[in-house]
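Since the structure comes first, as C-alpha cells, the remarks are kept for the end.
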Amino acid sequence: MVIYSKSSGYTNAAIGKLETPIKMVIEHQSDLLTKKGGICDWLFNVEKSNKFGETIVGQNEFGVFKYAEEGNAAEGDSISETYKKFIEHIQFMKEFIITAEMMEDAGYGIAVDAKRRAENFTRAYYKTIHKICEQALASGTSKTATFAGASIDLSTPDNLPLFHNSHIWGGGSGESGNQSNFFWGDIFKYGTDRTYSASVFEEALSELAVKLRNMKDENGEVLGYTADTIVLPGNRPAAEAIAKKVCGSEGALGNGYNDINLQYGNWNIVIMPSWQTEDDRLMIMSSEANKNLSGNMFFNRVPLTITNWVDNHTGNYIWNGRCRFGVGFGTYKHILLAVDSSSAVTNADAI
C-alpha cells in the first residue's frame, strides 16, 4: 500500500506534467513488488497495526479432557497468561530531489529521469523491509542489532536472543525448564578433512527436525510441529548445492541401494542474500508454528507515504517517503539455528 499526498506550494507547468506520472509509477511499482514477495513475506507474519507498538501475549493451553463418572461435573480448567513481548514501531524516511536547473534545462527528457528515480524510490522501500527482516534473523544470536541507524530488539519473551541453548518454558502448569534451539555438529561435512556429504546432511536434517518437533509449550507438553523450511546463507554455494540435491532427489544420494529419500518433498529452501557467514550454517523453521505461535513478526504501522512539494527557497522539486513498522519475535519455538562445527559453539548444544 502507498499513500500519496501533495503539499501546497508553487508549481510550474513542467512539474504539473510530471506529478501524476510519477505518482502512477510509484503506485504501479509498489503493486508489482508486493506481488513478487520476498524474505519478509516468505519468513514473517505480516500484520497491520494502528498502535505505538504491538504486544504479543502467550497463554498456556487447555489440558486433555478428563474422565467423569455419570452425573458428575467436569473438572475445571483455565487459560492463563504466561509471557508478553512488546514490539515497538520504528520510523524510516528517504527523499529525492529534482533540481530547478534540471527541470529548466532537461525539457521533455526530465520525464525519463524522474520515472527512473520514482521506480528506484519504491524499490528502496521494499528493500528496506526485506533487509531489516534478514538482519533480524541473521543476528538472532544477539539480543539487539543495528539496521540503518536504528536499534532493533531481537530478544524473545524470556529475554534471551532468538537462538540460545537455555530458553525457558513454563508458567502454565507451575513447572518450568530449559530447552535449546541453537545447535552445533556435523551438518554438511564430516571427517578430519571436512568433506561435504549428502548423507551427513540428510541425517542432520532429520535430527534437527525432531528437535524442533519436540519443543515444549508452557505446560511442558510437546508441541509437535513439523519443520518445512530451510534457510541458508547467501555465500555458501557448496552447502546450498547439498541442500538442494537432498531435498530435490527422490532417491537417497550417494548409495546404489535404491533407498528412498525421506527428505524429498518435505522442504522449502529460502536463501537470504544478505546473510553472509564465515562457516556453514542453516535455520530450519515450521511455517505452521511460525503462524500459530506468532514467531517472526512484521507489523506495518504506516505504509510508504509519499509527499511532494516545491521548495520556495531553492525551486527544487522534492519527493519525501516515510514509513513506520516493527520487527521482532513473539517466541523461539518455531525455528532453530545449527552450525556445522566439530567443536562447541557458545550458547549452542551438540546435535
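In the C-alpha cells, chains take letters A, B, ... by order of appearance, with residues numbered from 1 within each chain and ligands from 1 in the order shown.
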
Which residues come within 12 Å of region 131-136 of chain A, counting only C-alpha atoms, excluding same-chain residues fewer than 5 positions away, as a PDB file with N, CA and C atoms, in the first residue's frame?
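Dumped to part19.pdb:
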ATOM      1  N   GLY A  38       9.065 -11.667  -1.044  1.00  0.00           N
ATOM      2  CA  GLY A  38      10.444 -11.511  -0.607  1.00  0.00           C
ATOM      3  C   GLY A  38      10.605 -12.137   0.762  1.00  0.00           C
ATOM      4  N   ILE A  39      11.764 -11.899   1.395  1.00  0.00           N
ATOM      5  CA  ILE A  39      12.079 -12.517   2.680  1.00  0.00           C
ATOM      6  C   ILE A  39      11.002 -12.220   3.725  1.00  0.00           C
ATOM      7  N   CYS A  40      10.525 -10.979   3.769  1.00  0.00           N
ATOM      8  CA  CYS A  40       9.503 -10.621   4.752  1.00  0.00           C
ATOM      9  C   CYS A  40       8.244 -11.456   4.559  1.00  0.00           C
ATOM     10  N   ASP A  41       7.805 -11.609   3.315  1.00  0.00           N
ATOM     11  CA  ASP A  41       6.581 -12.355   3.036  1.00  0.00           C
ATOM     12  C   ASP A  41       6.780 -13.859   3.221  1.00  0.00           C
ATOM     13  N   TRP A  42       7.957 -14.368   2.914  1.00  0.00           N
ATOM     14  CA  TRP A  42       8.199 -15.795   2.981  1.00  0.00           C
ATOM     15  C   TRP A  42       8.443 -16.292   4.407  1.00  0.00           C
ATOM     16  N   LEU A  43       9.075 -15.478   5.247  1.00  0.00           N
ATOM     17  CA  LEU A  43       9.507 -15.962   6.558  1.00  0.00           C
ATOM     18  C   LEU A  43       8.849 -15.255   7.744  1.00  0.00           C
ATOM     19  N   PHE A  44       8.084 -14.192   7.499  1.00  0.00           N
ATOM     20  CA  PHE A  44       7.491 -13.426   8.586  1.00  0.00           C
ATOM     21  C   PHE A  44       5.970 -13.379   8.466  1.00  0.00           C
ATOM     22  N   ASN A  45       5.319 -13.246   9.610  1.00  0.00           N
ATOM     23  CA  ASN A  45       3.897 -12.944   9.642  1.00  0.00           C
ATOM     24  C   ASN A  45       3.735 -11.439   9.490  1.00  0.00           C
ATOM     25  N   VAL A  46       3.057 -10.996   8.446  1.00  0.00           N
ATOM     26  CA  VAL A  46       2.893  -9.569   8.169  1.00  0.00           C
ATOM     27  C   VAL A  46       1.489  -9.141   8.597  1.00  0.00           C
ATOM     28  N   ILE A  90       9.324   1.479  14.348  1.00  0.00           N
ATOM     29  CA  ILE A  90      10.457   2.361  14.064  1.00  0.00           C
ATOM     30  C   ILE A  90      10.149   3.158  12.802  1.00  0.00           C
ATOM     31  N   PHE A  92      11.259   5.192   9.403  1.00  0.00           N
ATOM     32  CA  PHE A  92      12.308   5.315   8.393  1.00  0.00           C
ATOM     33  C   PHE A  92      11.834   6.315   7.338  1.00  0.00           C
ATOM     34  N   ARG A 123      11.448   0.786  -4.924  1.00  0.00           N
ATOM     35  CA  ARG A 123      12.244  -0.415  -4.659  1.00  0.00           C
ATOM     36  C   ARG A 123      13.036  -0.279  -3.368  1.00  0.00           C
ATOM     37  N   ALA A 124      13.517   0.926  -3.080  1.00  0.00           N
ATOM     38  CA  ALA A 124      14.272   1.154  -1.844  1.00  0.00           C
ATOM     39  C   ALA A 124      13.406   0.898  -0.613  1.00  0.00           C
ATOM     40  N   TYR A 125      12.126   1.228  -0.706  1.00  0.00           N
ATOM     41  CA  TYR A 125      11.192   0.985   0.401  1.00  0.00           C
ATOM     42  C   TYR A 125      11.063  -0.508   0.680  1.00  0.00           C
ATOM     43  N   TYR A 126      10.812  -1.295  -0.369  1.00  0.00           N
ATOM     44  CA  TYR A 126      10.667  -2.740  -0.173  1.00  0.00           C
ATOM     45  C   TYR A 126      12.001  -3.391   0.183  1.00  0.00           C
ATOM     46  N   THR A 141      21.537 -14.535  17.157  1.00  0.00           N
ATOM     47  CA  THR A 141      22.294 -14.997  18.321  1.00  0.00           C
ATOM     48  C   THR A 141      22.577 -13.850  19.286  1.00  0.00           C
ATOM     49  N   SER A 142      22.152 -12.639  18.932  1.00  0.00           N
ATOM     50  CA  SER A 142      22.304 -11.471  19.800  1.00  0.00           C
ATOM     51  C   SER A 142      20.934 -10.929  20.177  1.00  0.00           C
ATOM     52  N   LYS A 143      20.888 -10.156  21.246  1.00  0.00           N
ATOM     53  CA  LYS A 143      19.622  -9.595  21.713  1.00  0.00           C
ATOM     54  C   LYS A 143      19.242  -8.318  20.987  1.00  0.00           C
ATOM     55  N   THR A 144      20.212  -7.668  20.356  1.00  0.00           N
ATOM     56  CA  THR A 144      19.950  -6.442  19.612  1.00  0.00           C
ATOM     57  C   THR A 144      20.767  -6.433  18.325  1.00  0.00           C
ATOM     58  N   ALA A 145      20.327  -5.606  17.390  1.00  0.00           N
ATOM     59  CA  ALA A 145      21.074  -5.393  16.152  1.00  0.00           C
ATOM     60  C   ALA A 145      20.830  -3.959  15.713  1.00  0.00           C
ATOM     61  N   THR A 146      21.716  -3.454  14.866  1.00  0.00           N
ATOM     62  CA  THR A 146      21.570  -2.108  14.321  1.00  0.00           C
ATOM     63  C   THR A 146      21.298  -2.203  12.836  1.00  0.00           C
ATOM     64  N   PHE A 147      20.245  -1.521  12.398  1.00  0.00           N
ATOM     65  CA  PHE A 147      19.902  -1.506  10.979  1.00  0.00           C
ATOM     66  C   PHE A 147      19.597  -0.077  10.558  1.00  0.00           C
ATOM     67  N   ALA A 148      20.323   0.428   9.572  1.00  0.00           N
ATOM     68  CA  ALA A 148      20.109   1.773   9.020  1.00  0.00           C
ATOM     69  C   ALA A 148      20.038   2.822  10.119  1.00  0.00           C
ATOM     70  N   GLY A 149      20.875   2.652  11.148  1.00  0.00           N
ATOM     71  CA  GLY A 149      20.940   3.608  12.247  1.00  0.00           C
ATOM     72  C   GLY A 149      19.966   3.339  13.375  1.00  0.00           C
ATOM     73  N   ALA A 150      19.058   2.379  13.194  1.00  0.00           N
ATOM     74  CA  ALA A 150      18.060   2.078  14.221  1.00  0.00           C
ATOM     75  C   ALA A 150      18.456   0.835  15.007  1.00  0.00           C
ATOM     76  N   SER A 151      18.155   0.824  16.297  1.00  0.00           N
ATOM     77  CA  SER A 151      18.399  -0.340  17.146  1.00  0.00           C
ATOM     78  C   SER A 151      17.161  -1.235  17.141  1.00  0.00           C
ATOM     79  N   ILE A 152      17.374  -2.530  16.874  1.00  0.00           N
ATOM     80  CA  ILE A 152      16.269  -3.487  16.798  1.00  0.00           C
ATOM     81  C   ILE A 152      16.368  -4.446  17.983  1.00  0.00           C
ATOM     82  N   ASP A 153      15.267  -4.647  18.677  1.00  0.00           N
ATOM     83  CA  ASP A 153      15.196  -5.592  19.788  1.00  0.00           C
ATOM     84  C   ASP A 153      14.937  -6.984  19.230  1.00  0.00           C
ATOM     85  N   LEU A 154      15.894  -7.894  19.407  1.00  0.00           N
ATOM     86  CA  LEU A 154      15.784  -9.255  18.886  1.00  0.00           C
ATOM     87  C   LEU A 154      15.534 -10.281  19.985  1.00  0.00           C
ATOM     88  N   SER A 155      15.286  -9.834  21.193  1.00  0.00           N
ATOM     89  CA  SER A 155      15.067 -10.770  22.290  1.00  0.00           C
ATOM     90  C   SER A 155      13.687 -11.412  22.182  1.00  0.00           C
ATOM     91  N   THR A 156      13.573 -12.603  22.732  1.00  0.00           N
ATOM     92  CA  THR A 156      12.298 -13.315  22.800  1.00  0.00           C
ATOM     93  C   THR A 156      11.663 -13.050  24.163  1.00  0.00           C
ATOM     94  N   PRO A 161      18.368 -14.099  23.401  1.00  0.00           N
ATOM     95  CA  PRO A 161      18.376 -13.981  21.945  1.00  0.00           C
ATOM     96  C   PRO A 161      17.468 -15.024  21.300  1.00  0.00           C
ATOM     97  N   LEU A 162      17.092 -14.803  20.057  1.00  0.00           N
ATOM     98  CA  LEU A 162      16.226 -15.749  19.353  1.00  0.00           C
ATOM     99  C   LEU A 162      16.806 -17.155  19.396  1.00  0.00           C
ATOM    100  N   PHE A 163      18.131 -17.284  19.152  1.00  0.00           N
ATOM    101  CA  PHE A 163      18.780 -18.595  19.159  1.00  0.00           C
ATOM    102  C   PHE A 163      19.643 -18.730  20.413  1.00  0.00           C
ATOM    103  N   VAL A 231      16.481 -22.329   5.766  1.00  0.00           N
ATOM    104  CA  VAL A 231      17.004 -21.002   5.438  1.00  0.00           C
ATOM    105  C   VAL A 231      18.524 -21.090   5.405  1.00  0.00           C
ATOM    106  N   LEU A 232      19.118 -20.647   4.290  1.00  0.00           N
ATOM    107  CA  LEU A 232      20.563 -20.767   4.095  1.00  0.00           C
ATOM    108  C   LEU A 232      21.195 -19.407   3.832  1.00  0.00           C
ATOM    109  N   PRO A 233      22.484 -19.247   4.203  1.00  0.00           N
ATOM    110  CA  PRO A 233      23.207 -18.007   3.872  1.00  0.00           C
ATOM    111  C   PRO A 233      23.380 -17.856   2.370  1.00  0.00           C
ATOM    112  N   GLY A 234      23.641 -16.634   1.943  1.00  0.00           N
ATOM    113  CA  GLY A 234      23.768 -16.364   0.518  1.00  0.00           C
ATOM    114  C   GLY A 234      25.155 -16.568  -0.044  1.00  0.00           C
ATOM    115  N   VAL A 270      14.923 -21.421   1.340  1.00  0.00           N
ATOM    116  CA  VAL A 270      14.974 -19.971   1.191  1.00  0.00           C
ATOM    117  C   VAL A 270      16.419 -19.520   1.374  1.00  0.00           C
ATOM    118  N   ILE A 271      16.942 -18.788   0.415  1.00  0.00           N
ATOM    119  CA  ILE A 271      18.289 -18.234   0.506  1.00  0.00           C
ATOM    120  C   ILE A 271      18.169 -16.775   0.938  1.00  0.00           C
ATOM    121  N   MET A 272      18.874 -16.392   1.994  1.00  0.00           N
ATOM    122  CA  MET A 272      18.901 -14.990   2.423  1.00  0.00           C
ATOM    123  C   MET A 272      20.193 -14.355   1.910  1.00  0.00           C
ATOM    124  N   PRO A 273      20.119 -13.553   0.841  1.00  0.00           N
ATOM    125  CA  PRO A 273      21.338 -12.999   0.219  1.00  0.00           C
ATOM    126  C   PRO A 273      22.194 -12.184   1.177  1.00  0.00           C
ATOM    127  N   SER A 274      21.584 -11.438   2.072  1.00  0.00           N
ATOM    128  CA  SER A 274      22.346 -10.563   2.971  1.00  0.00           C
ATOM    129  C   SER A 274      22.946 -11.316   4.158  1.00  0.00           C
ATOM    130  N   TRP A 275      22.582 -12.583   4.330  1.00  0.00           N
ATOM    131  CA  TRP A 275      23.143 -13.401   5.409  1.00  0.00           C
ATOM    132  C   TRP A 275      24.464 -13.979   4.911  1.00  0.00           C
ATOM    133  N   GLN A 276      25.553 -13.321   5.232  1.00  0.00           N
ATOM    134  CA  GLN A 276      26.885 -13.708   4.788  1.00  0.00           C
ATOM    135  C   GLN A 276      27.647 -14.268   5.988  1.00  0.00           C
ATOM    136  N   ASN A 296       8.071 -15.097  13.855  1.00  0.00           N
ATOM    137  CA  ASN A 296       8.693 -13.942  13.206  1.00  0.00           C
ATOM    138  C   ASN A 296       7.590 -12.950  12.851  1.00  0.00           C
ATOM    139  N   MET A 297       7.647 -11.763  13.439  1.00  0.00           N
ATOM    140  CA  MET A 297       6.552 -10.798  13.274  1.00  0.00           C
ATOM    141  C   MET A 297       7.020  -9.511  12.598  1.00  0.00           C
ATOM    142  N   PHE A 298       6.217  -9.051  11.628  1.00  0.00           N
ATOM    143  CA  PHE A 298       6.414  -7.753  10.999  1.00  0.00           C
ATOM    144  C   PHE A 298       5.096  -7.000  11.078  1.00  0.00           C
ATOM    145  N   PHE A 299       5.092  -5.874  11.805  1.00  0.00           N
ATOM    146  CA  PHE A 299       3.889  -5.066  11.965  1.00  0.00           C
ATOM    147  C   PHE A 299       4.029  -3.786  11.144  1.00  0.00           C
ATOM    148  N   PHE A 325       7.344   0.790  10.937  1.00  0.00           N
ATOM    149  CA  PHE A 325       6.996  -0.611  11.134  1.00  0.00           C
ATOM    150  C   PHE A 325       7.818  -1.195  12.270  1.00  0.00           C
ATOM    151  N   GLY A 326       7.397  -2.338  12.751  1.00  0.00           N
ATOM    152  CA  GLY A 326       8.088  -3.021  13.841  1.00  0.00           C
ATOM    153  C   GLY A 326       8.413  -4.451  13.456  1.00  0.00           C
ATOM    154  N   VAL A 327       9.590  -4.914  13.855  1.00  0.00           N
ATOM    155  CA  VAL A 327      10.050  -6.280  13.591  1.00  0.00           C
ATOM    156  C   VAL A 327      10.493  -6.911  14.902  1.00  0.00           C
ATOM    157  N   GLY A 328      10.136  -8.161  15.118  1.00  0.00           N
ATOM    158  CA  GLY A 328      10.556  -8.835  16.342  1.00  0.00           C
ATOM    159  C   GLY A 328      10.066 -10.269  16.374  1.00  0.00           C
ATOM    160  N   PHE A 329      10.272 -10.903  17.523  1.00  0.00           N
ATOM    161  CA  PHE A 329       9.968 -12.326  17.673  1.00  0.00           C
ATOM    162  C   PHE A 329       9.058 -12.557  18.873  1.00  0.00           C
TER     163      PHE A 329
END

May I have the residues within 9 Å of region 338-347 of chain A as a compact mmCIF listing (two decimals) with N, CA and C atoms, in the first residue's frame, using only C-alpha atoms and disregarding those fewer than 6 positions away in the same chain?
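Saved to around.txt:
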# COMPACT_ATOMS: atom_id res chain seq x y z
N THR A 141 21.54 -14.54 17.16
CA THR A 141 22.29 -15.00 18.32
C THR A 141 22.58 -13.85 19.29
N PHE A 163 18.13 -17.28 19.15
CA PHE A 163 18.78 -18.60 19.16
C PHE A 163 19.64 -18.73 20.41
N HIS A 164 19.30 -19.71 21.27
CA HIS A 164 20.01 -19.89 22.53
C HIS A 164 19.78 -21.31 23.02
N ASN A 165 20.72 -21.84 23.82
CA ASN A 165 20.58 -23.21 24.30
C ASN A 165 19.91 -23.32 25.66
N SER A 166 19.48 -22.19 26.24
CA SER A 166 18.84 -22.24 27.56
C SER A 166 17.54 -21.43 27.60
N SER A 180 16.69 -25.94 24.05
CA SER A 180 17.59 -25.27 23.11
C SER A 180 17.00 -25.19 21.72
N ASN A 181 17.29 -24.09 21.02
CA ASN A 181 17.02 -24.02 19.58
C ASN A 181 18.27 -23.56 18.83
N PHE A 182 19.45 -23.87 19.42
CA PHE A 182 20.74 -23.50 18.84
C PHE A 182 21.67 -24.69 18.99
N PHE A 183 22.19 -25.23 17.86
CA PHE A 183 22.93 -26.49 17.89
C PHE A 183 24.20 -26.41 17.03
N TRP A 184 25.14 -27.30 17.31
CA TRP A 184 26.35 -27.42 16.51
C TRP A 184 26.62 -28.90 16.27
N GLY A 185 27.35 -29.19 15.20
CA GLY A 185 27.70 -30.58 14.89
C GLY A 185 27.96 -30.74 13.40
N ASP A 186 28.11 -31.99 12.97
CA ASP A 186 28.33 -32.28 11.55
C ASP A 186 27.00 -32.17 10.81
N ILE A 187 26.87 -31.14 9.99
CA ILE A 187 25.62 -30.91 9.27
C ILE A 187 25.81 -31.11 7.77
N PHE A 188 26.82 -30.48 7.21
CA PHE A 188 27.12 -30.61 5.79
C PHE A 188 28.38 -31.43 5.54
N LYS A 189 29.29 -31.46 6.52
CA LYS A 189 30.62 -32.06 6.32
C LYS A 189 30.93 -33.06 7.42
N TYR A 190 31.94 -33.89 7.16
CA TYR A 190 32.37 -34.85 8.17
C TYR A 190 33.85 -35.14 7.99
N LEU A 208 17.57 -32.57 13.40
CA LEU A 208 17.17 -31.21 13.74
C LEU A 208 15.65 -31.04 13.67
N ASP A 279 31.11 -19.56 8.06
CA ASP A 279 31.03 -21.01 8.19
C ASP A 279 29.70 -21.48 7.62
N ASP A 280 29.53 -22.80 7.51
CA ASP A 280 28.28 -23.36 7.02
C ASP A 280 27.28 -23.45 8.17
N ARG A 281 26.09 -22.92 7.97
CA ARG A 281 25.04 -22.97 8.97
C ARG A 281 23.70 -22.88 8.28
N LEU A 282 22.66 -23.21 9.00
CA LEU A 282 21.32 -23.12 8.45
C LEU A 282 20.31 -22.93 9.56
N MET A 283 19.15 -22.44 9.19
CA MET A 283 17.99 -22.39 10.08
C MET A 283 16.95 -23.34 9.51
N ILE A 284 16.20 -24.00 10.39
CA ILE A 284 15.01 -24.70 9.94
C ILE A 284 13.82 -24.16 10.73

For this session: Mind the document's chain letters and residue numbers, and return as number ranges by chain the residues of region 88-333 of chain A that DSSP labels helix (DSSP H, G or I).
Result: A: 100-138, 198-213, 237-248, 287-292

For this session: Give the strand (DSSP E) residues of region 69-283 of chain A, as assigned by DSSP on the backbone, as a PyMOL selection string.
Result: chain A and resi 81-88+90-98+144-147+150-153+167-170+176-179+182-185+189-190+195-196+229-233+268-272+281-283

Could the residues in this selection be written to a file with N, CA and C atoms, as a short mmCIF file (atom, residue, chain, number, x, y, z; two decimals), in the first residue's frame?
data_model
loop_
_atom_site.label_atom_id
_atom_site.label_comp_id
_atom_site.auth_asym_id
_atom_site.auth_seq_id
_atom_site.Cartn_x
_atom_site.Cartn_y
_atom_site.Cartn_z
N GLU A 81 -2.19 -16.24 31.31
CA GLU A 81 -1.12 -15.57 30.57
C GLU A 81 0.23 -16.06 31.08
N THR A 82 1.11 -16.40 30.13
CA THR A 82 2.42 -16.94 30.51
C THR A 82 3.58 -16.02 30.16
N TYR A 83 3.44 -15.17 29.15
CA TYR A 83 4.51 -14.23 28.82
C TYR A 83 3.97 -13.11 27.95
N LYS A 84 4.76 -12.04 27.85
CA LYS A 84 4.45 -10.91 26.98
C LYS A 84 5.70 -10.50 26.22
N LYS A 85 5.50 -10.02 24.99
CA LYS A 85 6.60 -9.48 24.21
C LYS A 85 6.10 -8.24 23.47
N PHE A 86 6.76 -7.08 23.71
CA PHE A 86 6.36 -5.83 23.08
C PHE A 86 7.28 -5.53 21.92
N ILE A 87 6.71 -5.22 20.75
CA ILE A 87 7.47 -4.86 19.56
C ILE A 87 7.13 -3.42 19.19
N GLU A 88 8.12 -2.54 19.27
CA GLU A 88 7.90 -1.12 19.03
C GLU A 88 8.15 -0.78 17.56
N ILE A 90 9.32 1.48 14.35
CA ILE A 90 10.46 2.36 14.06
C ILE A 90 10.15 3.16 12.80
N GLN A 91 10.53 4.44 12.79
CA GLN A 91 10.30 5.29 11.64
C GLN A 91 11.52 5.32 10.72
N PHE A 92 11.26 5.19 9.40
CA PHE A 92 12.31 5.32 8.39
C PHE A 92 11.83 6.32 7.34
N MET A 93 12.78 7.11 6.80
CA MET A 93 12.44 8.13 5.81
C MET A 93 13.51 8.22 4.72
N LYS A 94 13.10 8.75 3.54
CA LYS A 94 14.03 8.98 2.44
C LYS A 94 13.44 10.05 1.53
N GLU A 95 14.32 10.83 0.88
CA GLU A 95 13.89 11.86 -0.06
C GLU A 95 14.68 11.77 -1.35
N PHE A 96 14.07 12.25 -2.44
CA PHE A 96 14.87 12.53 -3.62
C PHE A 96 14.44 13.87 -4.19
N ILE A 97 15.36 14.52 -4.89
CA ILE A 97 15.16 15.90 -5.35
C ILE A 97 15.44 15.99 -6.84
N ILE A 98 14.57 16.72 -7.53
CA ILE A 98 14.83 17.13 -8.91
C ILE A 98 15.08 18.62 -8.86
N THR A 144 20.21 -7.67 20.36
CA THR A 144 19.95 -6.44 19.61
C THR A 144 20.77 -6.43 18.32
N ALA A 145 20.33 -5.61 17.39
CA ALA A 145 21.07 -5.39 16.15
C ALA A 145 20.83 -3.96 15.71
N THR A 146 21.72 -3.45 14.87
CA THR A 146 21.57 -2.11 14.32
C THR A 146 21.30 -2.20 12.84
N PHE A 147 20.24 -1.52 12.40
CA PHE A 147 19.90 -1.51 10.98
C PHE A 147 19.60 -0.08 10.56
N ALA A 150 19.06 2.38 13.19
CA ALA A 150 18.06 2.08 14.22
C ALA A 150 18.46 0.83 15.01
N SER A 151 18.15 0.82 16.30
CA SER A 151 18.40 -0.34 17.15
C SER A 151 17.16 -1.23 17.14
N ILE A 152 17.37 -2.53 16.87
CA ILE A 152 16.27 -3.49 16.80
C ILE A 152 16.37 -4.45 17.98
N ASP A 153 15.27 -4.65 18.68
CA ASP A 153 15.20 -5.59 19.79
C ASP A 153 14.94 -6.98 19.23
N HIS A 167 16.76 -21.55 26.55
CA HIS A 167 15.46 -20.89 26.55
C HIS A 167 14.58 -21.48 27.65
N ILE A 168 13.68 -20.67 28.15
CA ILE A 168 12.85 -21.06 29.30
C ILE A 168 11.43 -21.36 28.84
N TRP A 169 10.90 -22.48 29.31
CA TRP A 169 9.47 -22.75 29.16
C TRP A 169 8.87 -22.89 30.56
N GLY A 170 7.59 -22.62 30.67
CA GLY A 170 6.93 -22.77 31.96
C GLY A 170 6.02 -21.62 32.29
N SER A 176 8.61 -25.68 35.15
CA SER A 176 9.41 -24.91 34.19
C SER A 176 10.67 -25.68 33.85
N GLY A 177 11.34 -25.26 32.80
CA GLY A 177 12.57 -25.93 32.39
C GLY A 177 13.24 -25.16 31.28
N ASN A 178 14.30 -25.75 30.72
CA ASN A 178 15.06 -25.13 29.65
C ASN A 178 15.06 -26.01 28.41
N GLN A 179 15.18 -25.38 27.27
CA GLN A 179 15.29 -26.11 26.01
C GLN A 179 16.09 -25.26 25.02
N PHE A 182 19.45 -23.87 19.42
CA PHE A 182 20.74 -23.50 18.84
C PHE A 182 21.67 -24.69 18.99
N PHE A 183 22.19 -25.23 17.86
CA PHE A 183 22.93 -26.49 17.89
C PHE A 183 24.20 -26.41 17.03
N TRP A 184 25.14 -27.30 17.31
CA TRP A 184 26.35 -27.42 16.51
C TRP A 184 26.62 -28.90 16.27
N GLY A 185 27.35 -29.19 15.20
CA GLY A 185 27.70 -30.58 14.89
C GLY A 185 27.96 -30.74 13.40
N LYS A 189 29.29 -31.46 6.52
CA LYS A 189 30.62 -32.06 6.32
C LYS A 189 30.93 -33.06 7.42
N TYR A 190 31.94 -33.89 7.16
CA TYR A 190 32.37 -34.85 8.17
C TYR A 190 33.85 -35.14 7.99
N THR A 195 34.84 -33.03 4.60
CA THR A 195 34.30 -33.28 3.27
C THR A 195 32.78 -33.11 3.25
N TYR A 196 32.27 -32.41 2.24
CA TYR A 196 30.82 -32.24 2.11
C TYR A 196 30.18 -33.59 1.78
N THR A 229 10.78 -25.59 6.37
CA THR A 229 11.51 -24.52 5.70
C THR A 229 12.97 -24.53 6.12
N ILE A 230 13.85 -24.52 5.14
CA ILE A 230 15.29 -24.41 5.37
C ILE A 230 15.74 -23.03 4.92
N VAL A 231 16.48 -22.33 5.77
CA VAL A 231 17.00 -21.00 5.44
C VAL A 231 18.52 -21.09 5.40
N LEU A 232 19.12 -20.65 4.29
CA LEU A 232 20.56 -20.77 4.10
C LEU A 232 21.19 -19.41 3.83
N PRO A 233 22.48 -19.25 4.20
CA PRO A 233 23.21 -18.01 3.87
C PRO A 233 23.38 -17.86 2.37
N ASN A 268 10.86 -26.41 1.86
CA ASN A 268 11.06 -25.23 1.04
C ASN A 268 12.42 -24.64 1.41
N ILE A 269 13.22 -24.29 0.42
CA ILE A 269 14.54 -23.72 0.67
C ILE A 269 14.52 -22.23 0.37
N VAL A 270 14.92 -21.42 1.34
CA VAL A 270 14.97 -19.97 1.19
C VAL A 270 16.42 -19.52 1.37
N ILE A 271 16.94 -18.79 0.42
CA ILE A 271 18.29 -18.23 0.51
C ILE A 271 18.17 -16.77 0.94
N MET A 272 18.87 -16.39 1.99
CA MET A 272 18.90 -14.99 2.42
C MET A 272 20.19 -14.36 1.91
N ARG A 281 26.09 -22.92 7.97
CA ARG A 281 25.04 -22.97 8.97
C ARG A 281 23.70 -22.88 8.28
N LEU A 282 22.66 -23.21 9.00
CA LEU A 282 21.32 -23.12 8.45
C LEU A 282 20.31 -22.93 9.56
N MET A 283 19.15 -22.44 9.19
CA MET A 283 17.99 -22.39 10.08
C MET A 283 16.95 -23.34 9.51
#

Problem set entry | CA of Gly248 (chain A) to CA of Asn235 (chain A), distance in Å rounded to a single decimal | 20.4 Å

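Reported to one decimal place, the separation of CA of Ser286 (chain A) from CA of Gln263 (chain A) is 14.6 Å.
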
Problem set entry | Option closest in space to Gly220 (chain A), from A:Arg322, A:Glu175, A:Ala238, A:Leu205 [counting only C-alpha atoms] | A:Glu175

For this session: Tell me, as a list in words, which residues lie within 9 Å of Gly315 (chain A), counting only C-alpha atoms; anything in the same chain fewer than 3 positions away does not count.
Result: Tyr10, Thr99, Ala100, Glu101, Val310, Asp311 and Asn312 of chain A

For this session: Counting only C-alpha atoms, figure out which residue out of A:Val246, A:Leu337, A:Asp158, A:Asn300 gets nearest to Asp349 (chain A).
Result: A:Leu337

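For the pair CA of Arg117 (chain A) and CA of Gln29 (chain A), the interatomic distance is 11.5 Å.
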